[in-house]
Amino acid sequence: MRWNRDAARNPYYVLVLFGTLAICLGQNPSAQIAPGQTVNPAAPLQPAAPAPALVMIDAAHGGSEPGALLNPAIPEKDVTLTFARRLRQELAARGVSSTVIRDNDATLTTDQRAEIANAARPALYVCLHASSLGTGMRIYTAMIPAAGGDNRGPFVNWATAQSVAKTRSLWIQQQITTAIRNNRFPVRSLPAPLRPLNNIATPAIAIEIAPTTESVSQLASTDYQQMVCSALANAIAAIAPALRTKVPIQ
Amino acid sequence: MIPRQLFIATGVLLLVAIGMSFYLWRLRSSEIQNQNTPVVTQHVAPPGGSVEQVTVWVAYDGSGTLRTQPVSIPISSGRQRRAVELLRGLVELYTAKNSPHPVKATAEIHDVFLIDPGLAVIDVNSALVDGQVSGVLAEELTICSIIQTLAANIPGLTRVKILVDGKERETLAGHADLSGAYDVGQITELAKQLSSQ
């Protein structure tokens with residue numbers, strides 16, 4: 001449209017001009033800033049990221065690495081995967097968010113598992129193993145001293161990364177052991193030279209599940225899996241508020 | 001007509017030949033049997049009978065615990081030789097019938113190297129590792145039993161590294177970490193926990 005002196009005198013044009021100005025000011029955030037308020041001009045507008053899962057469950061072994069042959073028909077990798085999926089369900093039923101590192105028969109090295117856990121930074125990393133030896137559950141923490149790693153500021157030594165979270169891991173181990181023992185289920189707590197526990201920079205435990213009877217096939221029984229995962233989920237759900245806060249535990 | 005003496009001599013010679021043949025056949029059979037039997041290294045005491053009593057830490061799979069047990073080993077002049085004899089004494093318990101922590105019959109300790117200051121390197125054969133029950137607790141019991149037996153009887157050790165057939169290995173049988181050296185203080189603490197539970 002060509003602007004001329006007559007147009008300025010036209011009330012219709014003036015109305016359109018003011019209307020457009022008002023709309024532009026309404027859409028500009030800077031027009032609504034109160035005096036003294038600051039805005040970061042570099043902050044991008046992004047959709048809210050989903051909250052990270054509180055618990056990360058790692059079914060040990062998998063793929064070309066079967067773990068122990070509990071009997072010729074039951075490799076450890078299959079048992080750990082079943083327990084991991086069931087534990088995820090049980091935690092979800094109690095309002096505790098969790099994720100599994102391996103949800104199929106994939107081959108993952110212990111370093112890859114540690115990398116995934118360290119990138120996600122869950123409040124608790126739980127590695128599941130199964131064994132024909134002994135009875136009930138064994139709950140392990142890494143066999144390294146608390147705060148004994150060669151960590152320099154933000155740089156955490158890979159071999160002793162767990163040392164920064166060892167105190168919290170020990171507290172979690174103790175809480176879960178006590179909760180399960182109160183259910184009259186056989187449980188022991190021990191340190192273990194087991195990877196990738198040493199390489200994980202967040203609280204981490206490993207749980208080895210054994211049958212309570214002479215028969216190792218109990219590990220493949222749905223009832224037994226349900227009972228074990230239910231007891232574990234109850235114990236983890238009981239400490240979930242403390243896990244969410246991430247405050248140092250004395 | 002054949003003389004009587006010749007007849008008797010021929011008969012005696014024939015009997016001797018048959019006897020010799022039977023003896024040779026028996027010798028051959030026993031030799032074949034010996035070749036098929038695997039050689040099991042038995043560590044016997046020296047002829048003088050000089051042995052010493054030592055305490056070893058024995059793993060019990062049934063209870064998932066460690067227990068101390070006295071065993072006799074040959075007295076050795078050197079510290080390194082004594083370390084080898086100690087661990088061979090322990091492994092013999094594991095290869096024996098009705099072992100509380102079974103491993104393959106051919107399992108053995110190749111050597112132990114004591115490197116100052118305070119480092120011991122134990123070289124085991126793959127039969128000891130491959131014949132072992134796989135699992136966190138089972139492997140932890142093996143490691144703790146070997147290192148605690150060594151550390152309790154050879155003073156001054158602070159770290160222990162385990163090799164398999166002279167090479168580094170990632171894990172013992174899929175679980176226990178063998179990539180680094182073990183701290184003797186931590187193993188002693190673990191041995192206490194495994195003995196008490």
# chains A, B, ... in the order shown; residues from 1 in each chain; ligands from 1
call {"tool": "interface_residues", "arguments": {"of": "chain B", "to": "chain A", "cutoff": "12 Å", "atoms": "only C-alpha atoms", "output": "VMD selection string"}}
result
chain B and resid 60 to 65 101 130 to 144 170 to 197
call {"tool": "select_by_dssp", "arguments": {"residues": "segment 108-195 of chain B", "states": "strand (DSSP E)", "output": "list of chain:residue names"}}
result
B:Ile109, B:His110, B:Asp111, B:Val112, B:Phe113, B:Leu114, B:Ile115, B:Leu119, B:Ala120, B:Val121, B:Ile122, B:Asp123, B:Val124, B:Arg159, B:Val160, B:Lys161, B:Ile162, B:Leu163, B:Val164, B:Tyr182, B:Asp183
call {"tool": "atom_distance", "arguments": {"atom1": "atom CA of Cys229 of chain A", "atom2": "atom CA of Leu243 of chain A"}}
result
18.8 Å
call {"tool": "closest_residue", "arguments": {"among": "B:Arg67, B:Arg82, B:Lys161, B:Arg26", "to": "Asp123 of chain B", "atoms": "only C-alpha atoms"}}
result
B:Lys161
call {"tool": "atom_distance", "arguments": {"atom1": "atom CA of Leu128 of chain B", "atom2": "atom CA of Thr213 of chain A"}}
result
27.8 Å
